[in-house]
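Asker: Structure file work36.cif (mmCIF, C-alpha atoms and all ligand atoms) right here:
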data_final
#
loop_
_atom_site.label_atom_id
_atom_site.label_comp_id
_atom_site.auth_asym_id
_atom_site.auth_seq_id
_atom_site.Cartn_x
_atom_site.Cartn_y
_atom_site.Cartn_z
CA MET L 1 88.42 113.68 55.06
CA PRO L 2 91.67 114.86 56.71
CA VAL L 3 93.43 112.01 58.51
CA ALA L 4 96.40 112.37 60.85
CA PRO L 5 99.71 110.57 60.29
CA ILE L 6 99.85 107.23 62.08
CA VAL L 7 102.07 106.99 65.15
CA LEU L 8 103.36 103.44 65.44
CA PRO L 9 103.78 101.77 68.83
CA ASP L 10 106.40 99.07 69.36
CA LEU L 11 104.60 96.00 67.97
CA VAL L 12 106.34 93.00 69.56
CA ASP L 13 105.34 89.42 70.33
CA ASP L 14 108.16 87.40 71.83
CA ASP L 15 110.69 86.74 69.01
CA LEU L 16 108.71 88.78 66.47
CA ARG L 17 108.74 92.55 65.92
CA LEU L 18 106.78 94.47 63.31
CA ARG L 19 108.85 97.43 62.25
CA PRO L 20 109.13 99.87 59.34
CA PRO L 21 111.23 98.78 56.35
CA ARG L 22 114.49 100.60 55.66
CA GLU L 23 116.98 100.86 52.80
CA SER L 24 119.23 98.14 54.26
CA ASP L 25 116.30 95.68 54.01
CA VAL L 26 116.08 95.96 50.22
CA PRO L 27 118.18 92.84 49.42
CA ALA L 28 116.16 90.71 51.88
CA ILE L 29 112.79 91.98 50.62
CA PHE L 30 113.94 91.36 47.05
CA ARG L 31 115.00 87.80 47.85
CA LEU L 32 111.90 86.89 49.85
CA CYS L 33 109.43 88.40 47.37
CA SER L 34 111.02 86.39 44.55
CA ASP L 35 109.78 83.22 46.29
CA PRO L 36 107.36 81.24 44.06
CA ASP L 37 104.57 81.12 46.66
CA VAL L 38 104.78 84.85 47.34
CA GLN L 39 104.71 85.44 43.59
CA ARG L 40 101.73 83.11 43.23
CA PHE L 41 99.51 84.20 46.09
CA THR L 42 100.20 87.92 46.51
CA ARG L 43 100.14 90.89 44.19
CA VAL L 44 103.84 91.69 44.44
CA PRO L 45 105.28 92.57 41.01
CA SER L 46 106.73 89.85 38.85
CA PRO L 47 109.59 89.55 38.21
CA TYR L 48 110.42 91.28 41.49
CA THR L 49 113.28 93.78 41.45
CA GLU L 50 115.21 95.76 44.05
CA ASP L 51 113.36 98.85 42.82
CA ASP L 52 110.11 97.10 43.74
CA ALA L 53 111.50 96.62 47.23
CA ARG L 54 112.27 100.36 47.35
CA SER L 55 108.69 101.05 46.26
CA PHE L 56 107.58 99.06 49.31
CA LEU L 57 109.59 101.45 51.48
CA SER L 58 107.88 104.41 49.77
CA LEU L 59 104.46 102.80 50.17
CA HIS L 60 105.06 102.36 53.88
CA ALA L 61 106.15 106.00 54.29
CA ALA L 62 103.29 107.42 52.22
CA ARG L 63 100.55 105.45 53.97
CA ILE L 64 101.88 106.25 57.44
CA GLU L 65 102.07 109.93 56.53
CA ASP L 66 98.55 110.19 55.15
CA GLY L 67 97.10 107.83 57.78
CA THR L 68 95.70 105.29 55.33
CA GLY L 69 97.74 102.19 56.02
CA VAL L 70 100.53 100.37 57.79
CA HIS L 71 102.95 98.19 55.80
CA LEU L 72 105.59 96.69 58.07
CA LEU L 73 108.26 94.03 58.02
CA ALA L 74 108.14 91.11 60.42
CA ALA L 75 111.63 90.87 61.89
CA ASP L 76 113.36 88.63 64.40
CA THR L 77 113.46 90.54 67.69
CA ALA L 78 116.98 89.35 68.54
CA THR L 79 118.73 89.49 65.17
CA ASP L 80 116.52 91.95 63.25
CA GLU L 81 116.50 89.49 60.33
CA VAL L 82 113.60 90.09 57.93
CA LEU L 83 111.13 87.19 58.15
CA GLY L 84 108.15 88.52 56.24
CA ALA L 85 105.74 91.41 55.89
CA ILE L 86 102.38 92.26 57.41
CA GLY L 87 100.33 95.17 56.15
CA GLY L 88 96.93 96.70 55.92
CA ASP L 89 95.12 99.62 54.32
CA ILE L 90 92.42 101.58 56.12
CA ASP L 91 89.30 103.07 54.58
CA HIS L 92 88.37 105.87 56.96
CA ARG L 93 85.02 106.44 55.24
CA ASP L 94 83.60 103.27 56.77
CA TYR L 95 86.24 102.57 59.43
CA SER L 96 87.29 99.33 57.77
CA ALA L 97 90.65 97.81 56.87
CA GLU L 98 92.03 95.07 54.65
CA VAL L 99 95.11 93.17 55.76
CA GLY L 100 97.60 90.89 53.99
CA TYR L 101 100.90 89.13 54.61
CA TRP L 102 103.76 87.06 53.28
CA VAL L 103 106.46 85.13 55.12
CA GLY L 104 109.78 83.90 53.73
CA ALA L 105 109.96 80.17 53.07
CA GLU L 106 112.50 79.46 55.85
CA ALA L 107 110.40 81.20 58.51
CA ARG L 108 107.04 79.58 57.71
CA GLY L 109 105.18 77.41 60.22
CA ARG L 110 106.42 79.37 63.26
CA GLY L 111 103.31 81.50 63.66
CA ILE L 112 104.89 84.60 62.13
CA ALA L 113 101.86 85.43 59.96
CA THR L 114 99.37 84.60 62.71
CA ARG L 115 101.13 86.55 65.43
CA GLY L 116 102.11 89.45 63.18
CA THR L 117 98.59 89.85 61.83
CA ARG L 118 97.23 89.69 65.38
CA LEU L 119 99.54 92.55 66.42
CA LEU L 120 98.53 94.68 63.45
CA VAL L 121 94.80 93.99 63.68
CA ARG L 122 94.77 94.68 67.42
CA PHE L 123 96.50 98.02 66.75
CA PHE L 124 93.93 98.88 64.07
CA LEU L 125 90.99 97.99 66.32
CA GLU L 126 92.27 99.54 69.52
CA GLU L 127 94.10 102.63 68.28
CA LEU L 128 92.86 103.55 64.81
CA ASP L 129 89.06 103.32 65.17
CA VAL L 130 88.77 100.38 62.76
CA ARG L 131 85.44 98.55 63.13
CA TYR L 132 85.79 95.82 60.50
CA VAL L 133 88.85 93.99 59.13
CA MET L 134 88.77 91.94 55.96
CA LEU L 135 91.22 89.48 54.51
CA HIS L 136 91.17 87.72 51.13
CA ALA L 137 92.86 84.35 50.70
CA ALA L 138 92.85 82.12 47.65
CA VAL L 139 90.87 78.94 48.25
CA ALA L 140 93.98 77.17 46.90
CA ASN L 141 96.11 78.65 49.72
CA PRO L 142 95.47 76.52 52.85
CA ALA L 143 98.18 78.19 54.94
CA SER L 144 96.71 81.65 54.48
CA ASN L 145 93.18 80.44 55.24
CA ALA L 146 94.54 78.74 58.37
CA VAL L 147 95.93 82.08 59.55
CA ALA L 148 92.53 83.75 59.15
CA ARG L 149 90.75 80.88 60.89
CA ARG L 150 93.22 80.82 63.77
CA LEU L 151 92.69 84.53 64.43
CA ARG L 152 88.95 83.79 64.42
CA PHE L 153 88.03 85.72 61.31
CA THR L 154 84.64 84.57 60.01
CA HIS L 155 84.36 83.08 56.53
CA GLU L 156 81.87 85.42 54.90
CA GLY L 157 81.82 84.21 51.34
CA THR L 158 83.73 83.04 48.33
CA SER L 159 84.46 85.36 45.44
CA ARG L 160 84.45 83.43 42.20
CA ASP L 161 87.65 83.57 40.17
CA ALA L 162 88.56 86.75 42.02
CA MET L 163 92.31 86.12 42.15
CA LEU L 164 95.06 85.76 39.63
CA LEU L 165 96.92 82.65 40.78
CA GLY L 166 100.31 83.28 39.37
CA PRO L 167 102.70 86.11 38.69
CA THR L 168 101.25 89.55 38.08
CA GLY L 169 101.30 90.98 34.58
CA ASP L 170 99.69 88.02 32.80
CA VAL L 171 96.07 88.77 32.03
CA SER L 172 95.50 85.24 30.74
CA GLY L 173 97.12 83.58 33.79
CA PRO L 174 95.23 81.03 35.89
CA ARG L 175 92.53 82.39 38.17
CA GLY L 176 90.92 80.98 41.30
CA ASP L 177 88.25 81.57 43.91
CA ALA L 178 89.06 83.70 46.95
CA ASN L 179 87.72 83.32 50.46
CA LEU L 180 86.55 86.52 52.06
CA TRP L 181 87.23 86.60 55.81
CA GLY L 182 85.89 89.29 58.13
CA LEU L 183 86.47 90.26 61.74
CA ARG L 184 84.67 92.69 64.06
CA PRO L 185 85.85 94.21 67.36
CA GLY L 186 85.82 91.61 70.15
CA GLU L 187 86.33 88.65 67.85
CA LEU L 188 90.14 88.55 67.55
CA THR L 189 91.92 85.72 69.33
C1 LIG I 201 100.45 82.12 54.12
C2 LIG I 201 101.73 82.43 54.89
C3 LIG I 201 101.85 83.93 55.05
C4 LIG I 201 101.66 81.78 56.27
O1 LIG I 201 102.78 82.22 57.01
P1 LIG I 201 103.29 81.42 58.31
O2 LIG I 201 104.09 82.36 59.11
O3 LIG I 201 103.91 80.15 57.92
O4 LIG I 201 101.88 81.16 59.01
P2 LIG I 201 101.67 80.62 60.50
O5 LIG I 201 102.86 79.82 60.91
O6 LIG I 201 101.25 81.75 61.35
O7 LIG I 201 100.39 79.70 60.29
C5 LIG I 201 100.34 78.84 59.21
C6 LIG I 201 99.14 77.96 59.38
O8 LIG I 201 98.92 77.30 58.15
C7 LIG I 201 98.89 75.92 58.38
N1 LIG I 201 99.35 75.34 57.14
C8 LIG I 201 100.52 75.49 56.52
N2 LIG I 201 100.55 74.80 55.39
C9 LIG I 201 99.35 74.19 55.30
C10 LIG I 201 98.75 73.31 54.37
N3 LIG I 201 99.40 72.95 53.27
N4 LIG I 201 97.49 72.88 54.61
C11 LIG I 201 96.81 73.26 55.70
N5 LIG I 201 97.33 74.11 56.63
C12 LIG I 201 98.56 74.55 56.42
C13 LIG I 201 99.77 75.70 59.57
O9 LIG I 201 99.50 74.47 60.18
C14 LIG I 201 99.37 76.88 60.43
O10 LIG I 201 98.11 76.67 61.02
P3 LIG I 201 98.00 76.28 62.59
O11 LIG I 201 98.72 77.35 63.33
O12 LIG I 201 96.54 76.28 62.86
O13 LIG I 201 98.68 74.97 62.70
C15 LIG I 201 102.99 81.87 54.15
O14 LIG I 201 102.79 80.51 53.88
C16 LIG I 201 103.28 82.62 52.87
O15 LIG I 201 103.89 83.67 52.90
N6 LIG I 201 102.84 82.11 51.73
C17 LIG I 201 103.07 82.75 50.46
C18 LIG I 201 102.42 84.11 50.37
C19 LIG I 201 100.96 84.08 50.77
O16 LIG I 201 100.27 83.11 50.52
N7 LIG I 201 100.48 85.17 51.38
C20 LIG I 201 99.10 85.27 51.77
C21 LIG I 201 98.28 85.78 50.64
S1 LIG I 201 96.54 85.86 51.06
#
In structure tokens, what does this structure look like?
Ligand SMILES: CC(C)(COP(=O)(O)OP(=O)(O)OC[C@H]1O[C@@H](n2cnc3c(N)ncnc32)[C@H](O)[C@@H]1OP(=O)(O)O)[C@@H](O)C(=O)NCCC(=O)NCCS

Answerer:
Amino acid sequence: MPVAPIVLPDLVDDDLRLRPPRESDVPAIFRLCSDPDVQRFTRVPSPYTEDDARSFLSLHAARIEDGTGVHLLAADTATDEVLGAIGGDIDHRDYSAEVGYWVGAEARGRGIATRGTRLLVRFFLEELDVRYVMLHAAVANPASNAVARRLRFTHEGTSRDAMLLGPTGDVSGPRGDANLWGLRPGELT
């Protein structure tokens, strides 16, 4: 199915802007993705390197170009400081998307993940023909589940032992249940 490149609007909410990553962001992405909670609850590589940060730049460019996803940084509108990342992949076969996020430790608790995910999901629903958005959060990750709840995703089930809870690359690492959250058009708050 041929899909057009994605044209990004300016995604801004007050002090928060979602924008493409660039080479000068590599040190910040490297630092923030080395955070223990990001390592534990996301699938970023472990240990995280600056080359991994460059791969994030390539991922963003490739997905935008082939129309299958949007992987942006959350940045401070005034200073352009990198605060976190919000991204999602789109499956055009069933018009669905899966979103995810991380926020640097110093910027947590300011609504960055909630507001950033709202901006991205609204863009998916309103501009990219997405009809269902899913989000997976470890049961052991209350902050991430709070983000889903706040945006009024519906808890649709719990996948048993679905997530590696710990750094990637360790097949015998601890595992945990994951909440599956889903959202349809008209439900986002
Ligand atoms: C999950 C994460 C992205 C949240 O980012 P954030 O910008 O701080 O999120 P927000 O400020 O938008 O919202 C956080 C919510 O979690 C709640 N929260 C935070 N810690 C909590 C805890 N220990 N127990 C219960 N709720 C908690 C906050 O109260 C807030 O909810 P509220 O707005 O209803 O009060 C951030 O903690 C993070 O990056 N963690 C590590 C990586 C990660 O877990 N990514 C998600 C993988 S699914």

Asker: Residues of chain L that approach ligand LIG 201 (chain I) to 10 Å or less, counting only C-alpha atoms and all ligand atoms: could you list each one with the shortest pair of atoms and its distance in Å to one decimal, rows by chain and increasing residue number, as a tab-separated table?

Answerer:
residue	atom	partner	partner_atom	distance
L:Leu32	CA	I:LIG201	O15	9.2
L:Cys33	CA	I:LIG201	C18	8.7
L:Asp35	CA	I:LIG201	C17	7.9
L:Pro36	CA	I:LIG201	C17	7.9
L:Asp37	CA	I:LIG201	C17	4.4
L:Val38	CA	I:LIG201	C18	3.9
L:Gln39	CA	I:LIG201	C18	7.3
L:Arg40	CA	I:LIG201	C18	7.2
L:Phe41	CA	I:LIG201	O16	4.6
L:Thr42	CA	I:LIG201	C21	5.0
L:Arg43	CA	I:LIG201	C21	8.4
L:Val44	CA	I:LIG201	C18	9.7
L:Ala74	CA	I:LIG201	O2	9.7
L:Leu83	CA	I:LIG201	O2	8.6
L:Gly84	CA	I:LIG201	O15	7.3
L:Ala85	CA	I:LIG201	C3	8.5
L:Ile86	CA	I:LIG201	C3	8.7
L:Val99	CA	I:LIG201	S1	8.8
L:Gly100	CA	I:LIG201	S1	5.9
L:Tyr101	CA	I:LIG201	C20	5.1
L:Trp102	CA	I:LIG201	O15	3.4
L:Val103	CA	I:LIG201	O15	3.7
L:Gly104	CA	I:LIG201	O15	6.0
L:Ala105	CA	I:LIG201	O15	7.0
L:Glu106	CA	I:LIG201	O3	8.9
L:Ala107	CA	I:LIG201	O2	6.4
L:Arg108	CA	I:LIG201	O3	3.2
L:Gly109	CA	I:LIG201	O5	3.4
L:Arg110	CA	I:LIG201	O5	4.3
L:Gly111	CA	I:LIG201	O6	3.1
L:Ile112	CA	I:LIG201	O2	3.8
L:Ala113	CA	I:LIG201	O2	3.9
L:Thr114	CA	I:LIG201	O6	3.7
L:Arg115	CA	I:LIG201	O6	6.3
L:Gly116	CA	I:LIG201	O6	8.0
L:Thr117	CA	I:LIG201	O6	8.5
L:Arg118	CA	I:LIG201	O6	9.8
L:Leu135	CA	I:LIG201	S1	7.3
L:His136	CA	I:LIG201	S1	5.7
L:Ala137	CA	I:LIG201	S1	4.0
L:Ala138	CA	I:LIG201	S1	6.3
L:Val139	CA	I:LIG201	S1	9.4
L:Ala140	CA	I:LIG201	N3	9.4
L:Asn141	CA	I:LIG201	O16	6.2
L:Pro142	CA	I:LIG201	N4	4.5
L:Ala143	CA	I:LIG201	O8	3.4
L:Ser144	CA	I:LIG201	C1	3.8
L:Asn145	CA	I:LIG201	O8	7.2
L:Ala146	CA	I:LIG201	O8	4.6
L:Val147	CA	I:LIG201	O7	5.1
L:Ala148	CA	I:LIG201	C6	8.8
L:Arg149	CA	I:LIG201	O12	7.7
L:Arg150	CA	I:LIG201	O12	5.7
L:Leu151	CA	I:LIG201	O12	9.2
L:Met163	CA	I:LIG201	S1	9.9
L:Ala178	CA	I:LIG201	S1	8.8
L:Asn179	CA	I:LIG201	S1	9.2

Asker: Excluding Ile29 of chain L and any residue of its chain fewer than 2 positions from it, enumerate the residues within 8 Å of it, using only C-alpha atoms, and give them as a PDB file with C-alpha atoms, in the frame of the given file.

Answerer:
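What landed in selection15.pdb:
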ATOM      1  CA  ASP L  25     116.300  95.680  54.010  1.00  0.00           C
ATOM      2  CA  VAL L  26     116.080  95.960  50.220  1.00  0.00           C
ATOM      3  CA  PRO L  27     118.180  92.840  49.420  1.00  0.00           C
ATOM      4  CA  ARG L  31     115.000  87.800  47.850  1.00  0.00           C
ATOM      5  CA  LEU L  32     111.900  86.890  49.850  1.00  0.00           C
ATOM      6  CA  CYS L  33     109.430  88.400  47.370  1.00  0.00           C
ATOM      7  CA  GLU L  50     115.210  95.760  44.050  1.00  0.00           C
ATOM      8  CA  ALA L  53     111.500  96.620  47.230  1.00  0.00           C
ATOM      9  CA  VAL L  82     113.600  90.090  57.930  1.00  0.00           C
TER      10      VAL L  82
END

Asker: As a PyMOL selection string, please: the residues near Leu72 of chain L (cut-off 9 Å, only C-alpha atoms, same-chain neighbours under 4 positions excluded).

Answerer: chain L and resi 18-21+60+84-88

Asker: For a quick check of understanding, using all atoms listed in the file, which of L:Val130, L:Leu11, L:Ala162, L:Val121 has the smallest distance to Leu188 of chain L?

Answerer: L:Val121

Asker: Using only C-alpha atoms, which residue out of L:Asp91, L:Asp161, L:Asp170, L:Asp14 lies closest to Pro47 of chain L?

Answerer: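 Among the listed residues, the smallest separation from Pro47 of chain L belongs to L:Asp170.
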
Asker: Could you give me, as a list in words, the residues within 10 Å of Ala62 of chain L, counting only C-alpha atoms and dropping anything in the same chain fewer than 6 positions from it?

Answerer: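 Contacts, with the query itself left out: Pro5, Phe56, Thr68, Gly69, Val70 and His71 of chain L.
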
Asker: Between L:Asp15, L:Asp51, L:Glu23, L:Asp129, which one has atoms that come closest to Ile90 of chain L, using all atoms listed in the file?

Answerer: L:Asp129
